[in-house]
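A.B. asks: Contents are mmCIF, C-alpha atoms and all ligand atoms; file name structure-v5.cif:
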data_input
#
loop_
_atom_site.label_atom_id
_atom_site.label_comp_id
_atom_site.auth_asym_id
_atom_site.auth_seq_id
_atom_site.Cartn_x
_atom_site.Cartn_y
_atom_site.Cartn_z
CA MET A 1 106.10 88.78 81.02
CA ASP A 2 109.46 90.49 81.46
CA VAL A 3 110.09 94.03 82.65
CA ARG A 4 110.45 95.41 79.13
CA GLU A 5 107.16 93.91 77.95
CA GLU A 6 105.42 95.14 81.08
CA ARG A 7 106.66 98.69 80.41
CA GLU A 8 105.35 98.54 76.87
CA TYR A 9 101.90 97.43 78.00
CA ILE A 10 101.83 100.11 80.67
CA GLU A 11 102.85 102.72 78.14
CA ARG A 12 99.92 101.66 75.96
CA CYS A 13 97.57 101.80 78.97
CA ARG A 14 98.76 105.32 79.64
CA LYS A 15 97.60 106.25 76.16
CA GLY A 16 94.14 104.92 77.02
CA ASP A 17 94.43 101.45 75.43
CA ARG A 18 92.21 99.27 77.63
CA GLU A 19 93.11 96.02 75.88
CA ALA A 20 96.76 96.50 76.85
CA PHE A 21 95.74 96.21 80.50
CA GLY A 22 94.67 92.58 79.93
CA PRO A 23 98.17 91.05 80.03
CA ILE A 24 99.00 93.10 83.15
CA VAL A 25 95.90 91.74 84.91
CA LEU A 26 96.75 88.24 83.78
CA ALA A 27 100.24 88.54 85.24
CA TYR A 28 99.16 89.83 88.66
CA ARG A 29 95.62 88.55 89.21
CA ARG A 30 96.50 85.46 91.27
CA ASN A 31 98.82 87.35 93.58
CA ALA A 32 96.23 90.12 93.84
CA TYR A 33 93.48 87.68 94.76
CA PHE A 34 95.63 85.75 97.25
CA THR A 35 96.88 88.94 98.89
CA ALA A 36 93.33 90.21 99.30
CA LEU A 37 92.21 86.80 100.58
CA GLY A 38 94.98 86.82 103.18
CA LEU A 39 93.97 90.29 104.30
CA VAL A 40 90.17 89.96 104.43
CA GLY A 41 89.76 86.19 104.72
CA ASN A 42 86.66 86.02 102.53
CA ARG A 43 86.51 84.69 99.00
CA GLU A 44 83.84 86.92 97.44
CA GLU A 45 85.26 90.04 99.04
CA ALA A 46 88.80 89.16 97.94
CA TYR A 47 87.61 88.57 94.37
CA ASP A 48 85.80 91.89 94.27
CA LEU A 49 88.52 93.94 96.03
CA SER A 50 91.26 92.58 93.80
CA GLN A 51 89.24 93.46 90.68
CA GLU A 52 88.52 96.91 92.06
CA ALA A 53 92.25 97.44 92.67
CA PHE A 54 92.91 96.78 88.97
CA VAL A 55 90.14 99.19 87.99
CA ARG A 56 91.62 101.92 90.22
CA ALA A 57 95.12 101.21 88.95
CA PHE A 58 93.97 101.58 85.36
CA ARG A 59 92.15 104.81 86.15
CA ALA A 60 95.24 106.20 87.89
CA ILE A 61 97.78 104.84 85.41
CA GLY A 62 98.42 108.37 84.06
CA ARG A 63 99.83 109.28 87.48
CA PHE A 64 102.02 106.18 87.70
CA ASP A 65 105.71 106.88 87.22
CA PRO A 66 106.65 104.41 84.44
CA THR A 67 110.31 104.37 85.44
CA ARG A 68 109.28 102.64 88.69
CA GLU A 69 108.11 99.10 89.33
CA PHE A 70 104.43 98.41 88.77
CA ALA A 71 103.99 95.69 91.42
CA PRO A 72 104.61 97.68 94.65
CA TRP A 73 102.50 100.55 93.32
CA PHE A 74 99.65 98.19 92.48
CA PHE A 75 99.81 96.24 95.74
CA ARG A 76 99.71 99.49 97.64
CA ILE A 77 96.40 100.36 95.96
CA LEU A 78 95.10 96.88 96.75
CA ARG A 79 96.23 96.97 100.36
CA ASN A 80 94.64 100.38 100.92
CA LEU A 81 91.35 99.15 99.46
CA CYS A 82 91.44 96.11 101.74
CA SER A 83 92.13 98.15 104.86
CA THR A 84 89.27 100.50 104.00
CA ALA A 85 87.02 97.47 103.61
CA LEU A 86 88.20 96.06 106.95
CA SER A 87 87.68 99.31 108.83
CA ARG A 88 84.18 99.64 107.35
CA ARG A 89 83.45 96.15 108.50
CA SER A 90 84.65 96.75 112.05
CA ALA A 91 82.68 100.02 112.16
CA ARG A 92 79.59 98.02 111.28
CA TRP A 93 80.14 95.78 114.30
CA VAL A 94 80.85 98.52 116.84
CA GLY A 95 77.24 98.61 117.98
CA SER A 96 77.18 95.00 118.93
CA ILE A 97 80.59 94.51 120.53
CA GLU A 98 79.17 94.89 124.04
CA GLU A 99 76.45 92.47 123.23
CA MET A 100 78.93 89.95 121.90
CA ARG A 101 81.20 90.27 124.93
CA GLU A 102 78.29 89.74 127.28
CA GLY A 103 77.19 86.69 125.40
CA GLY A 104 80.79 85.46 125.53
CA ARG A 105 80.67 85.17 121.77
CA GLU A 106 83.57 86.06 119.56
CA PHE A 107 83.77 88.48 116.71
CA PRO A 108 81.88 87.03 113.75
CA ALA A 109 85.03 85.44 112.38
CA GLY A 110 83.08 82.34 111.45
CA GLU A 111 82.55 83.58 107.91
CA ARG A 112 86.20 84.51 107.48
CA PHE A 113 89.44 82.53 107.44
CA ARG A 114 87.48 79.34 106.98
CA ALA A 115 89.37 76.12 106.38
CA ASP A 116 87.79 75.62 102.96
CA LEU A 117 89.81 78.59 101.64
CA LEU A 118 92.96 76.49 101.96
CA ALA A 119 94.43 74.34 99.22
CA GLU A 120 95.70 71.77 101.66
CA ARG A 121 94.04 71.15 105.00
CA ASN A 122 95.72 69.38 107.84
CA ASP A 123 95.13 70.22 111.49
CA GLU A 124 98.25 72.29 111.85
CA ILE A 125 97.73 74.43 108.75
CA VAL A 126 94.09 75.04 109.65
CA ARG A 127 95.20 76.14 113.12
CA VAL A 128 97.78 78.56 111.67
CA TRP A 129 95.23 79.93 109.19
CA SER A 130 92.67 80.67 111.88
CA ALA A 131 95.41 82.19 114.07
CA LEU A 132 96.14 84.53 111.18
CA GLY A 133 92.48 85.49 111.18
CA GLU A 134 92.65 86.30 114.89
CA LEU A 135 95.54 88.76 114.47
CA ASP A 136 95.03 92.52 114.34
CA ALA A 137 95.03 93.90 110.80
CA PRO A 138 98.56 95.44 110.82
CA SER A 139 100.11 92.20 112.11
CA ARG A 140 98.17 90.10 109.65
CA GLU A 141 99.09 92.22 106.66
CA ILE A 142 102.80 92.06 107.40
CA ILE A 143 102.64 88.25 107.71
CA VAL A 144 100.63 87.97 104.49
CA LEU A 145 103.06 90.15 102.56
CA LYS A 146 106.16 88.41 103.90
CA ASP A 147 105.32 84.76 104.55
CA LEU A 148 102.40 84.12 102.18
CA GLN A 149 103.30 86.41 99.28
CA GLU A 150 107.06 86.33 99.88
CA HIS A 151 107.77 89.99 99.14
CA ARG A 152 111.19 91.40 100.01
CA TYR A 153 111.44 93.98 102.83
CA ARG A 154 112.09 96.72 100.30
CA GLU A 155 108.81 95.98 98.50
CA ILE A 156 106.84 95.71 101.74
CA ALA A 157 108.22 99.09 102.82
CA GLU A 158 106.97 100.58 99.57
CA ILE A 159 103.56 98.90 99.69
CA LEU A 160 102.91 99.99 103.28
CA ASP A 161 104.75 103.31 102.92
CA ILE A 162 106.88 102.71 106.05
CA PRO A 163 110.67 102.51 106.63
CA ILE A 164 112.38 99.10 106.45
CA GLY A 165 113.13 99.26 110.20
CA THR A 166 109.40 99.49 110.85
CA VAL A 167 108.79 96.52 108.54
CA MET A 168 111.15 94.48 110.72
CA SER A 169 109.71 95.61 114.04
CA ARG A 170 106.13 94.96 112.87
CA LEU A 171 107.16 91.57 111.64
CA TYR A 172 108.78 90.77 114.97
CA ASN A 173 105.66 91.82 116.88
CA ALA A 174 103.39 89.88 114.56
CA ARG A 175 105.49 86.71 114.85
CA GLN A 176 105.56 87.06 118.63
CA LYS A 177 101.77 87.26 118.67
CA LEU A 178 101.49 84.19 116.46
CA ARG A 179 103.96 82.39 118.67
CA GLU A 180 101.78 83.07 121.70
CA ILE A 181 98.77 81.66 119.92
CA LEU A 182 100.48 78.70 118.27
CA LEU A 183 103.42 77.46 120.36
CA MET B 1 125.98 92.39 118.46
CA LYS B 2 123.99 92.84 121.69
CA CYS B 3 120.86 90.99 122.84
CA GLY B 4 118.96 94.26 122.45
CA ASP B 5 119.52 94.08 118.69
CA PHE B 6 117.95 90.65 118.52
CA PRO B 7 114.36 91.54 117.53
CA LEU B 8 115.19 93.30 114.25
CA LYS B 9 118.29 91.27 113.43
CA SER B 10 116.52 87.97 113.97
CA MET B 11 113.91 89.00 111.40
CA ALA B 12 116.51 89.96 108.81
CA TYR B 13 118.28 86.67 109.56
CA ILE B 14 115.35 84.30 109.13
CA ASP B 15 114.05 86.22 106.09
CA ASP B 16 117.48 86.13 104.46
CA GLU B 17 117.82 89.90 104.24
CA MET B 18 121.37 90.11 105.63
CA THR B 19 124.77 90.57 104.05
CA ARG B 20 127.27 87.78 104.64
CA GLY B 21 129.08 89.90 107.26
CA GLU B 22 125.89 90.66 109.20
CA LYS B 23 124.94 87.03 109.06
CA SER B 24 128.16 85.71 110.56
CA GLU B 25 128.06 88.38 113.28
CA PHE B 26 124.51 87.30 114.15
CA GLU B 27 125.40 83.59 114.09
CA LYS B 28 128.36 84.25 116.35
CA HIS B 29 126.12 85.90 118.96
CA VAL B 30 123.50 83.15 118.81
CA ALA B 31 126.18 80.49 119.24
CA GLU B 32 127.25 82.15 122.49
CA CYS B 33 123.89 83.30 123.85
CA ALA B 34 121.44 80.58 124.87
CA ARG B 35 118.54 83.00 125.38
CA CYS B 36 118.73 84.44 121.88
CA ALA B 37 119.27 80.97 120.43
CA ALA B 38 116.08 79.64 122.06
CA GLU B 39 114.16 82.70 120.93
CA LEU B 40 115.43 82.30 117.38
CA GLU B 41 114.32 78.69 117.30
CA LYS B 42 110.74 79.64 118.20
CA LEU B 43 110.55 82.46 115.66
CA ARG B 44 111.83 80.09 112.99
CA ARG B 45 109.14 77.60 113.84
CA VAL B 46 106.49 80.31 113.48
CA LYS B 47 107.81 81.30 110.08
CA LYS B 48 107.88 77.68 108.99
CA MET B 49 104.23 77.30 110.01
CA THR B 50 102.95 80.41 108.23
CA GLY B 51 105.04 79.54 105.20
CA ARG B 52 103.05 76.34 104.77
CA ILE B 53 99.74 78.11 104.20
CA ARG B 54 98.56 77.64 100.61
CA MET B 55 95.28 79.24 99.74
CA ALA B 56 92.90 77.47 97.38
CA ASP B 57 92.84 78.75 93.83
CA LEU B 58 89.61 79.88 92.17
CA GLU B 59 87.76 77.75 89.64
CA ASP B 60 88.67 78.27 85.98
CA GLN B 61 85.31 79.83 85.15
CA GLU B 62 85.82 82.38 87.93
CA TRP B 63 89.14 83.34 86.39
CA ASP B 64 87.48 83.46 82.97
CA ARG B 65 85.08 86.20 84.03
CA TYR B 66 87.71 88.07 86.06
CA TRP B 67 89.07 90.28 83.27
CA GLY B 68 85.59 90.92 81.86
CA GLY B 69 84.49 92.32 85.21
CA ILE B 70 87.43 94.72 85.28
CA TYR B 71 86.95 95.75 81.66
CA ASN B 72 83.26 96.50 82.26
CA ARG B 73 83.96 98.59 85.32
CA VAL B 74 86.61 100.62 83.52
CA GLU B 75 84.31 101.12 80.54
CA ARG B 76 81.37 102.12 82.71
CA PHE B 77 83.48 104.61 84.57
CA LEU B 78 84.47 106.25 81.28
CA GLY B 79 80.77 106.27 80.36
CA TRP B 80 79.85 108.01 83.59
CA ILE B 81 82.52 110.66 83.14
CA LEU B 82 81.42 111.42 79.58
CA LEU B 83 77.77 111.46 80.62
CA SER B 84 78.36 113.79 83.57
CA VAL B 85 80.56 116.23 81.70
CA GLY B 86 78.19 116.23 78.73
CA ALA B 87 75.13 116.69 80.95
CA ILE B 88 76.69 119.57 82.86
CA ILE B 89 77.59 121.42 79.65
CA THR B 90 74.21 120.78 78.02
CA ILE B 91 72.17 121.82 81.06
CA SER B 92 74.28 124.95 81.67
CA TRP B 93 73.91 125.98 78.03
CA GLY B 94 70.14 125.41 78.08
CA MET B 95 69.72 127.32 81.32
CA PHE B 96 71.83 130.20 80.09
CA HIS B 97 69.70 130.63 76.96
CA ALA B 98 66.39 130.16 78.76
CA LEU B 99 67.39 132.81 81.29
CA ARG B 100 68.55 135.24 78.64
CA GLU B 101 65.21 134.94 76.84
CA LEU B 102 63.20 135.29 80.02
CA LEU B 103 65.09 138.38 81.11
CA ALA B 104 64.88 139.95 77.64
CA ASP B 105 61.09 139.49 77.64
CA PRO B 106 59.55 142.81 78.84
CA THR B 107 56.30 141.09 79.93
CA VAL B 108 58.07 139.12 82.72
CA PRO B 109 57.14 140.82 86.03
CA LEU B 110 59.80 142.17 88.39
CA VAL B 111 58.99 139.57 91.07
CA VAL B 112 59.85 136.74 88.66
CA ARG B 113 63.07 138.53 87.71
CA PHE B 114 64.05 138.58 91.40
CA ALA B 115 63.05 134.93 91.72
CA ILE B 116 65.31 134.00 88.80
CA PHE B 117 68.15 135.97 90.36
CA GLY B 118 67.59 134.03 93.62
CA VAL B 119 67.70 130.67 91.85
CA VAL B 120 70.97 131.50 90.07
CA VAL B 121 72.73 132.88 93.15
CA GLY B 122 71.40 129.99 95.28
CA LEU B 123 72.73 127.41 92.84
CA ALA B 124 76.11 129.12 92.73
CA ILE B 125 76.38 129.15 96.55
CA LEU B 126 75.39 125.48 96.79
CA PHE B 127 77.88 124.51 94.11
CA VAL B 128 80.80 126.34 95.72
CA SER B 129 79.93 124.95 99.16
CA VAL B 130 79.70 121.33 98.03
CA ALA B 131 82.87 121.64 95.95
CA ARG B 132 84.77 123.09 98.91
CA GLN B 133 83.56 120.37 101.28
CA ARG B 134 84.53 117.68 98.79
CA TYR B 135 87.95 119.23 98.34
CA PHE B 136 88.70 119.26 102.08
CA ALA B 137 87.39 115.72 102.52
CA TRP B 138 89.69 114.61 99.71
CA LYS B 139 92.64 116.46 101.20
CA SER B 140 92.30 114.77 104.58
CA ASP B 141 91.52 111.31 103.22
CA PRO B 142 94.25 108.94 104.48
CA TYR B 143 93.63 106.58 101.53
CA ARG B 144 93.95 109.28 98.93
CA GLU B 145 96.82 107.44 97.29
CA VAL B 146 94.32 104.78 96.35
CA LYS B 147 93.32 107.09 93.55
CA ARG B 148 96.86 108.13 92.75
ZN ZN A 201 121.66 87.33 123.17
#
Just dump the structure as structure tokens.
Ligand SMILES: [Zn+2]
C.D. replies:
Amino acid sequence: MDVREEREYIERCRKGDREAFGPIVLAYRRNAYFTALGLVGNREEAYDLSQEAFVRAFRAIGRFDPTREFAPWFFRILRNLCSTALSRRSARWVGSIEEMREGGREFPAGERFRADLLAERNDEIVRVWSALGELDAPSREIIVLKDLQEHRYREIAEILDIPIGTVMSRLYNARQKLREILL
Amino acid sequence: MKCGDFPLKSMAYIDDEMTRGEKSEFEKHVAECARCAAELEKLRRVKKMTGRIRMADLEDQEWDRYWGGIYNRVERFLGWILLSVGAIITISWGMFHALRELLADPTVPLVVRFAIFGVVVGLAILFVSVARQRYFAWKSDPYREVKR
């Protein structure tokens, strides 16, 4: 789908045509799912959050500026949904953090960033994947957007609503943290 | 270029976000500065590692029901909006007429008239209060743009 076609479909969506949203979903669904998976590390959640992002985007399409690019606008909705989901999840665990520390157990990361979510599994990739799961959410999201989804700095700045300089400094911090874990 | 510029410049360099001029300036510094060169090597290795992550795709049947799930949610949302707006108008209209009849009826005692007045004013206060609370919660919601 080229830019012109995309604009036409979006224009139809803006007039309330639900069917016209189908090709847009088809074009972005894999990237949406993989982005969500990189952020939350759980298959079912990523499936549901990425669908919900499309639903919200369709509902808000009247407020989308059609002269701008759809992708950064959409991924911003998705990213915000994922961070809400993550902060809800950590709030749920607040009560038992003490308990877990005492028991020497880790955060319940066992159900997330599992090796079976990878297409190709060798020791090194599995190690990198679980290191990604150990990162704090802001570091992880910048790595997912840059290294897994290969967005340009300009797009990342728009998705996260931060200046490009901040994109670079977050990326540097995130890569330093990964380096400490991995190298 | 100074060593202090290394953190940001090294990112732009390994992510190929530099102009040709910036690139050669950066390369010149790294060629002369062993510390920055060693640092750059490690950061490159990290990027190479993360770049190798490939997440597993979903099964075809999961992709087949993906769009249907979205379509249903959008449709249901429209249903809810229509239902709520319709219900509010219908109930308000019914209440308005019921009240007008009750108040016009001379056999209704004064106490009941006061009671009706209380119900109406009470409802109005509750409505305004809830609406105001919702409005402020919405205004201070950091993820408001989700709905934008
Ligand atoms: Zn240096």
A.B. asks: Please identify every residue of chain B that has at least one atom no more than 9 Å from any atom of chain A, counting all atoms listed in the file, and report them as a PyMOL selection string.
C.D. replies: chain B and resi 7-12+15+17+42-43+45-58+63+66-67+69-71+73-75+77+143+145-148
A.B. asks: Determine, using only C-alpha atoms and all ligand atoms, which residues of chain B have any atom at most 9 Å from an atom of ligand ZN 201 (chain A), and tabulate each with its shortest atom pair and distance in Å to one decimal place, rows ordered by chain and then rising number, as a tab-separated table.
C.D. replies:
residue	atom	partner	partner_atom	distance
B:Met1	CA	A:ZN201	ZN	8.2
B:Lys2	CA	A:ZN201	ZN	6.2
B:Cys3	CA	A:ZN201	ZN	3.8
B:Gly4	CA	A:ZN201	ZN	7.5
B:Asp5	CA	A:ZN201	ZN	8.4
B:Phe6	CA	A:ZN201	ZN	6.8
B:His29	CA	A:ZN201	ZN	6.3
B:Val30	CA	A:ZN201	ZN	6.3
B:Glu32	CA	A:ZN201	ZN	7.7
B:Cys33	CA	A:ZN201	ZN	4.7
B:Ala34	CA	A:ZN201	ZN	7.0
B:Arg35	CA	A:ZN201	ZN	5.8
B:Cys36	CA	A:ZN201	ZN	4.3
B:Ala37	CA	A:ZN201	ZN	7.3
A.B. asks: Could you please determine the separation between atom CA of B:Phe127 and atom CA of B:Leu83 in Å, to one decimal place?
C.D. replies: 18.8 Å
A.B. asks: Separation of atom CA of A:His151 and atom CA of A:Val3, in Å?
C.D. replies: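 So the answer is 17.1 Å.
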A.B. asks: Could you state the separation of atom CA of A:Asp17 and atom CA of B:Glu62 in Å, given to one decimal place?
C.D. replies: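 Atom-to-atom, atom CA of A:Asp17 to atom CA of B:Glu62, that is 24.4 Å.
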A.B. asks: Counting all atoms listed in the file, which of A:Asp123, A:Glu155, A:Asp161, A:Glu111 gets nearest to A:Gly41?
C.D. replies: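 With all atoms listed in the file as the atom set, the closest residue is A:Glu111.
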A.B. asks: Quick one: what's the axis-aligned box for stretch 52-63 of chain A, all listed atoms, 3 Å on every side, centre and edges in Å to one decimal, as lines of an AutoDock Vina configuration file?
C.D. replies:
center_x = 94.2
center_y = 103.0
center_z = 88.4
size_x = 17.3
size_y = 18.5
size_z = 14.6
A.B. asks: Could you please fill out stretch 78-96 of chain B with N, CA, C and O atoms and send it back as a compact mmCIF listing (two decimals), keeping the file's coordinate frame?
C.D. replies:
# COMPACT_ATOMS: atom_id res chain seq x y z
N LEU B 78 84.28 105.28 82.37
CA LEU B 78 84.47 106.25 81.28
C LEU B 78 83.11 106.78 80.81
O LEU B 78 82.94 107.97 80.57
N GLY B 79 82.12 105.86 80.74
CA GLY B 79 80.77 106.27 80.36
C GLY B 79 80.21 107.31 81.30
O GLY B 79 79.66 108.33 80.87
N TRP B 80 80.37 107.07 82.59
CA TRP B 80 79.85 108.01 83.59
C TRP B 80 80.51 109.37 83.47
O TRP B 80 79.85 110.40 83.55
N ILE B 81 81.82 109.38 83.25
CA ILE B 81 82.52 110.66 83.14
C ILE B 81 82.00 111.44 81.94
O ILE B 81 81.64 112.61 82.04
N LEU B 82 81.90 110.75 80.79
CA LEU B 82 81.42 111.42 79.58
C LEU B 82 80.01 111.94 79.79
O LEU B 82 79.68 113.09 79.45
N LEU B 83 79.16 111.07 80.39
CA LEU B 83 77.77 111.46 80.62
C LEU B 83 77.70 112.68 81.53
O LEU B 83 76.99 113.65 81.23
N SER B 84 78.46 112.67 82.63
CA SER B 84 78.36 113.79 83.57
C SER B 84 78.86 115.08 82.95
O SER B 84 78.20 116.13 83.05
N VAL B 85 80.02 115.00 82.29
CA VAL B 85 80.56 116.23 81.70
C VAL B 85 79.60 116.75 80.63
O VAL B 85 79.26 117.95 80.60
N GLY B 86 79.12 115.84 79.78
CA GLY B 86 78.19 116.23 78.73
C GLY B 86 76.92 116.85 79.30
O GLY B 86 76.45 117.88 78.84
N ALA B 87 76.38 116.20 80.36
CA ALA B 87 75.13 116.69 80.95
C ALA B 87 75.33 118.07 81.55
O ALA B 87 74.49 118.96 81.37
N ILE B 88 76.45 118.27 82.23
CA ILE B 88 76.69 119.57 82.86
C ILE B 88 76.75 120.68 81.80
O ILE B 88 76.10 121.72 81.93
N ILE B 89 77.48 120.40 80.70
CA ILE B 89 77.59 121.42 79.65
C ILE B 89 76.23 121.69 79.01
O ILE B 89 75.82 122.85 78.85
N THR B 90 75.51 120.62 78.68
CA THR B 90 74.21 120.78 78.02
C THR B 90 73.23 121.57 78.90
O THR B 90 72.58 122.53 78.45
N ILE B 91 73.13 121.17 80.16
CA ILE B 91 72.17 121.82 81.06
C ILE B 91 72.55 123.29 81.27
O ILE B 91 71.70 124.17 81.23
N SER B 92 73.86 123.56 81.46
CA SER B 92 74.28 124.95 81.67
C SER B 92 73.92 125.80 80.44
O SER B 92 73.42 126.92 80.57
N TRP B 93 74.18 125.24 79.27
CA TRP B 93 73.91 125.98 78.03
C TRP B 93 72.42 126.28 77.91
O TRP B 93 72.00 127.41 77.65
N GLY B 94 71.60 125.25 78.16
CA GLY B 94 70.14 125.41 78.08
C GLY B 94 69.64 126.46 79.06
O GLY B 94 68.84 127.33 78.72
N MET B 95 70.17 126.38 80.29
CA MET B 95 69.72 127.32 81.32
C MET B 95 70.12 128.75 80.97
O MET B 95 69.33 129.69 81.13
N PHE B 96 71.34 128.88 80.46
CA PHE B 96 71.83 130.20 80.09
C PHE B 96 70.91 130.86 79.05
O PHE B 96 70.48 132.00 79.21
